[in-house]
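Q: This is the structure I have questions about; it appears just below.
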Amino acid sequence: LPMSAKLTPDDLQADHKSLLGNAQMLRHLRVERHFSEEMIEKLQIGWVEHAGYEWFSFPVLGETGECKFKRLKKPPSGSDQQARMMCCPAKCGTTLYPLQLFEKDNEQIVLCEGEPDAIAARSVGLHALSGTAGAGTFKAEWLEILHKGTKSKRFYVLYDNDEEGEKGTTKVLKLAAEVCPDWKLHRIKWPDGFKGKDVTDFLSDCSAEDKAKALLSLCREYEPPTPRDRLIETLAAGDALTMLAPCHGIWNGQGYVCVNLRQGGEFASYILTSE
């Protein structure tokens, strides 16, 4: 697809028909990725050739239904030289997916790390979304879109079972606590001994009849950091250490005094707050 090509409904329908005609890849999505037929149809998931390779195509639509770009994912049959994923056109930006299926009146939002996990979660009945740039990218403006004109919600973050997913979860929930203070926030706690990576792996291992309930049962309520916690975190950051000499001041409504004490030839910093 040329960089300047329009992503028209006819283009997306042709990609989708190509997938429906590929029994092997369609079975992979249904059995191994846990996509329902309904989701494959609604999201117009396709099969395309691009840059000399074959890809799964995930059209990314805006709120009004226009196609902004396509996320291309490497199939299991892809070669070692093929990239894991790419966007078409290349300079596509980031957004929420699938934003066109977001229901403002739904009191549940489940945030997954990637599009395939969000589709798998939707396929078992969860009101799931993902960003299109992985765990490291989540924008405050996305929360404003989700929060605008809505009632109180239960917000679940189901990022991957790895260090990057853990950091991304904390980042999103801290942001949500500020932007959406009326939401009830939850984070997933992957079971002890779970060797899988993500939502899809959990669904593969899950034998429960109600897989959506089983997935959400892993979640725990998130407690936002207190002003004292945020103060200590800020002052403990690498770029703040040079300021502890001793010092005092007001931060986020709390007074603090910081002193350095020497013990055993080493310095330790102590922070006292008005809290």
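As shown in the structure tokens, the chain order sets the letters A, B, ...; within each chain, residues go from 1, and ligands are also counted from 1 in the order they appear.
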At a cut-off of 10 Å, using only C-alpha atoms, what residues contact Ala120 of chain A? Leave out same-chain residues fewer than 4 positions from it and give the result as a list in words.

A: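 The residues satisfying every condition are Leu29, Arg30, Glu32, Arg33, His34, Phe35, Ser36, Met39, Cys112, Glu115, Pro116, Val124, Gly125, Leu126, Ala128, Val199, Thr200 and Leu203 of chain A.
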
Q: Write a file of the selected residues as a compact mmCIF listing (two decimals), in the first residue's frame, keeping C-alpha atoms.

A:
```txt
# COMPACT_ATOMS: atom_id res chain seq x y z
CA LEU A 29 -7.06 -16.18 15.14
CA ARG A 30 -10.06 -18.17 16.33
CA GLU A 32 -4.86 -19.59 19.27
CA ARG A 33 -5.67 -15.90 19.63
CA HIS A 34 -9.24 -16.46 20.96
CA PHE A 35 -10.88 -13.99 18.57
CA SER A 36 -14.62 -14.50 18.17
CA MET A 39 -15.07 -9.47 16.63
CA CYS A 112 -5.03 -4.27 27.64
CA GLU A 115 -4.75 -4.87 20.09
CA PRO A 116 -4.81 -8.71 20.03
CA VAL A 124 -15.15 -13.22 26.08
CA GLY A 125 -17.44 -10.30 26.93
CA LEU A 126 -15.22 -7.59 28.44
CA ALA A 128 -11.79 -3.80 26.42
CA VAL A 199 -4.31 -11.99 28.52
CA THR A 200 -4.19 -14.34 25.53
CA LEU A 203 -7.29 -17.50 28.20
```

Q: Using only C-alpha atoms, which residues sit within 9 Å of segment 14-23 of chain A once same-chain residues fewer than 3 positions away are excluded, as a compact mmCIF listing (two decimals) with all heavy atoms, in the first residue's frame?

A:
```
# COMPACT_ATOMS: atom_id res chain seq x y z
N PRO A 9 -13.35 2.23 2.84
CA PRO A 9 -14.11 1.04 3.24
C PRO A 9 -13.94 -0.12 2.26
O PRO A 9 -13.91 -1.28 2.68
CB PRO A 9 -15.55 1.55 3.27
CG PRO A 9 -15.42 3.02 3.58
CD PRO A 9 -14.19 3.45 2.85
N ASP A 10 -13.82 0.18 0.98
CA ASP A 10 -13.62 -0.89 -0.01
C ASP A 10 -12.27 -1.58 0.20
O ASP A 10 -12.17 -2.81 0.06
CB ASP A 10 -13.68 -0.31 -1.43
CG ASP A 10 -15.11 0.07 -1.83
OD1 ASP A 10 -16.05 -0.40 -1.16
OD2 ASP A 10 -15.26 0.84 -2.80
N ASP A 11 -11.24 -0.80 0.54
CA ASP A 11 -9.91 -1.38 0.82
C ASP A 11 -10.01 -2.35 2.00
O ASP A 11 -9.49 -3.48 1.96
CB ASP A 11 -8.89 -0.29 1.16
CG ASP A 11 -8.61 0.64 -0.01
OD1 ASP A 11 -8.67 0.16 -1.15
OD2 ASP A 11 -8.32 1.82 0.25
N LEU A 26 -7.27 -17.86 9.56
CA LEU A 26 -8.52 -17.61 10.26
C LEU A 26 -8.62 -18.53 11.48
O LEU A 26 -9.02 -18.10 12.57
CB LEU A 26 -9.70 -17.83 9.32
CG LEU A 26 -11.07 -17.37 9.82
CD1 LEU A 26 -11.07 -15.87 10.10
CD2 LEU A 26 -12.15 -17.71 8.79
N ARG A 27 -8.22 -19.77 11.31
CA ARG A 27 -8.25 -20.72 12.43
C ARG A 27 -7.26 -20.28 13.52
O ARG A 27 -7.53 -20.41 14.71
CB ARG A 27 -7.90 -22.13 11.95
CG ARG A 27 -7.97 -23.19 13.05
CD ARG A 27 -7.60 -24.57 12.53
NE ARG A 27 -7.79 -25.57 13.57
CZ ARG A 27 -6.92 -25.80 14.55
NH1 ARG A 27 -5.79 -25.09 14.60
NH2 ARG A 27 -7.17 -26.73 15.47
N HIS A 28 -6.10 -19.76 13.11
CA HIS A 28 -5.11 -19.28 14.08
C HIS A 28 -5.73 -18.19 14.96
O HIS A 28 -5.56 -18.21 16.20
CB HIS A 28 -3.89 -18.73 13.36
CG HIS A 28 -2.97 -17.94 14.24
ND1 HIS A 28 -2.12 -18.53 15.15
CD2 HIS A 28 -2.78 -16.59 14.36
CE1 HIS A 28 -1.43 -17.60 15.79
NE2 HIS A 28 -1.82 -16.41 15.34
N ILE A 40 -13.97 -10.51 14.74
CA ILE A 40 -13.25 -10.50 13.46
C ILE A 40 -14.05 -9.73 12.41
O ILE A 40 -13.49 -8.96 11.63
CB ILE A 40 -12.98 -11.94 12.99
CG1 ILE A 40 -11.95 -12.61 13.92
CG2 ILE A 40 -12.47 -11.97 11.55
CD1 ILE A 40 -11.74 -14.08 13.66
N GLU A 41 -15.36 -9.92 12.44
CA GLU A 41 -16.24 -9.24 11.47
C GLU A 41 -16.38 -7.76 11.81
O GLU A 41 -16.21 -6.90 10.94
CB GLU A 41 -17.62 -9.91 11.47
CG GLU A 41 -18.63 -9.27 10.52
CD GLU A 41 -18.25 -9.42 9.06
OE1 GLU A 41 -17.58 -10.41 8.71
OE2 GLU A 41 -18.61 -8.53 8.26
N GLN A 44 -13.25 -5.80 11.13
CA GLN A 44 -12.75 -5.91 9.75
C GLN A 44 -11.27 -6.32 9.71
O GLN A 44 -10.48 -5.76 8.93
CB GLN A 44 -12.95 -4.59 9.01
CG GLN A 44 -14.40 -4.23 8.73
CD GLN A 44 -14.99 -5.12 7.63
OE1 GLN A 44 -14.74 -4.88 6.45
NE2 GLN A 44 -15.75 -6.13 7.99
N ILE A 45 -10.91 -7.26 10.56
CA ILE A 45 -9.53 -7.76 10.54
C ILE A 45 -9.26 -8.39 9.19
O ILE A 45 -10.11 -9.10 8.63
CB ILE A 45 -9.32 -8.76 11.68
CG1 ILE A 45 -9.57 -8.07 13.03
CG2 ILE A 45 -7.91 -9.35 11.64
CD1 ILE A 45 -9.61 -9.00 14.20
N GLY A 46 -8.09 -8.12 8.62
CA GLY A 46 -7.82 -8.55 7.25
C GLY A 46 -6.51 -9.29 7.09
O GLY A 46 -5.77 -9.54 8.05
N TRP A 47 -6.23 -9.62 5.85
CA TRP A 47 -4.99 -10.31 5.45
C TRP A 47 -4.47 -9.57 4.23
O TRP A 47 -5.16 -9.42 3.23
CB TRP A 47 -5.31 -11.76 5.13
CG TRP A 47 -4.13 -12.60 4.73
CD1 TRP A 47 -3.83 -13.06 3.47
CD2 TRP A 47 -3.10 -13.11 5.59
NE1 TRP A 47 -2.68 -13.81 3.50
CE2 TRP A 47 -2.22 -13.87 4.78
CE3 TRP A 47 -2.85 -13.01 6.95
CZ2 TRP A 47 -1.09 -14.50 5.31
CZ3 TRP A 47 -1.72 -13.64 7.48
CH2 TRP A 47 -0.86 -14.38 6.65
N VAL A 48 -3.22 -9.05 4.33
CA VAL A 48 -2.70 -8.20 3.26
C VAL A 48 -1.28 -8.59 2.90
O VAL A 48 -0.57 -9.24 3.68
CB VAL A 48 -2.73 -6.71 3.67
CG1 VAL A 48 -4.14 -6.26 3.99
CG2 VAL A 48 -1.80 -6.45 4.86
N PHE A 56 -1.34 -9.86 9.09
CA PHE A 56 -2.69 -9.58 9.58
C PHE A 56 -2.86 -8.07 9.59
O PHE A 56 -1.94 -7.33 9.95
CB PHE A 56 -2.89 -10.12 11.00
CG PHE A 56 -2.96 -11.61 11.09
CD1 PHE A 56 -1.98 -12.32 11.78
CD2 PHE A 56 -4.00 -12.31 10.49
CE1 PHE A 56 -2.04 -13.70 11.87
CE2 PHE A 56 -4.06 -13.70 10.58
CZ PHE A 56 -3.09 -14.39 11.27
N SER A 57 -4.04 -7.61 9.22
CA SER A 57 -4.32 -6.18 9.17
C SER A 57 -5.38 -5.82 10.20
O SER A 57 -6.45 -6.43 10.24
CB SER A 57 -4.81 -5.79 7.77
OG SER A 57 -5.33 -4.47 7.77
```

Q: Could you pull out the strand (DSSP E or B) residues of segment 111-211 of chain A, going by DSSP on the backbone, and write them as a VMD selection string?

A: chain A and resid 111 to 112 128 to 131 154 to 158 184 to 188

Q: Give me, please, the distance in Å between atom CA of Leu99 of chain A and atom CA of Gly134 of chain A, quoted to one decimal.

A: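 Rounded to one decimal, the two atoms are 15.9 Å apart.
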
Q: Mind listing the alpha helix (DSSP H) residues of segment 117-246 of chain A, per DSSP on the backbone, as a VMD selection string?

A: chain A and resid 117 to 123 140 to 147 163 to 179 199 to 205 211 to 216 227 to 236

Q: With only C-alpha atoms as the basis for distance, which of A:Val259, A:Ala51, A:Ala121, A:Leu101 is at the shortest distance from Cys87 of chain A?

A: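 Among the listed residues, A:Ala51 lies closest to Cys87 of chain A.
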
Q: In terms of the shortest atom-to-atom distance over only C-alpha atoms, which of A:Cys247, A:Leu272, A:Ala176, A:Ala208 is closest to Tyr222 of chain A?

A: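 For Tyr222 of chain A, the nearest of the given residues is A:Ala176.
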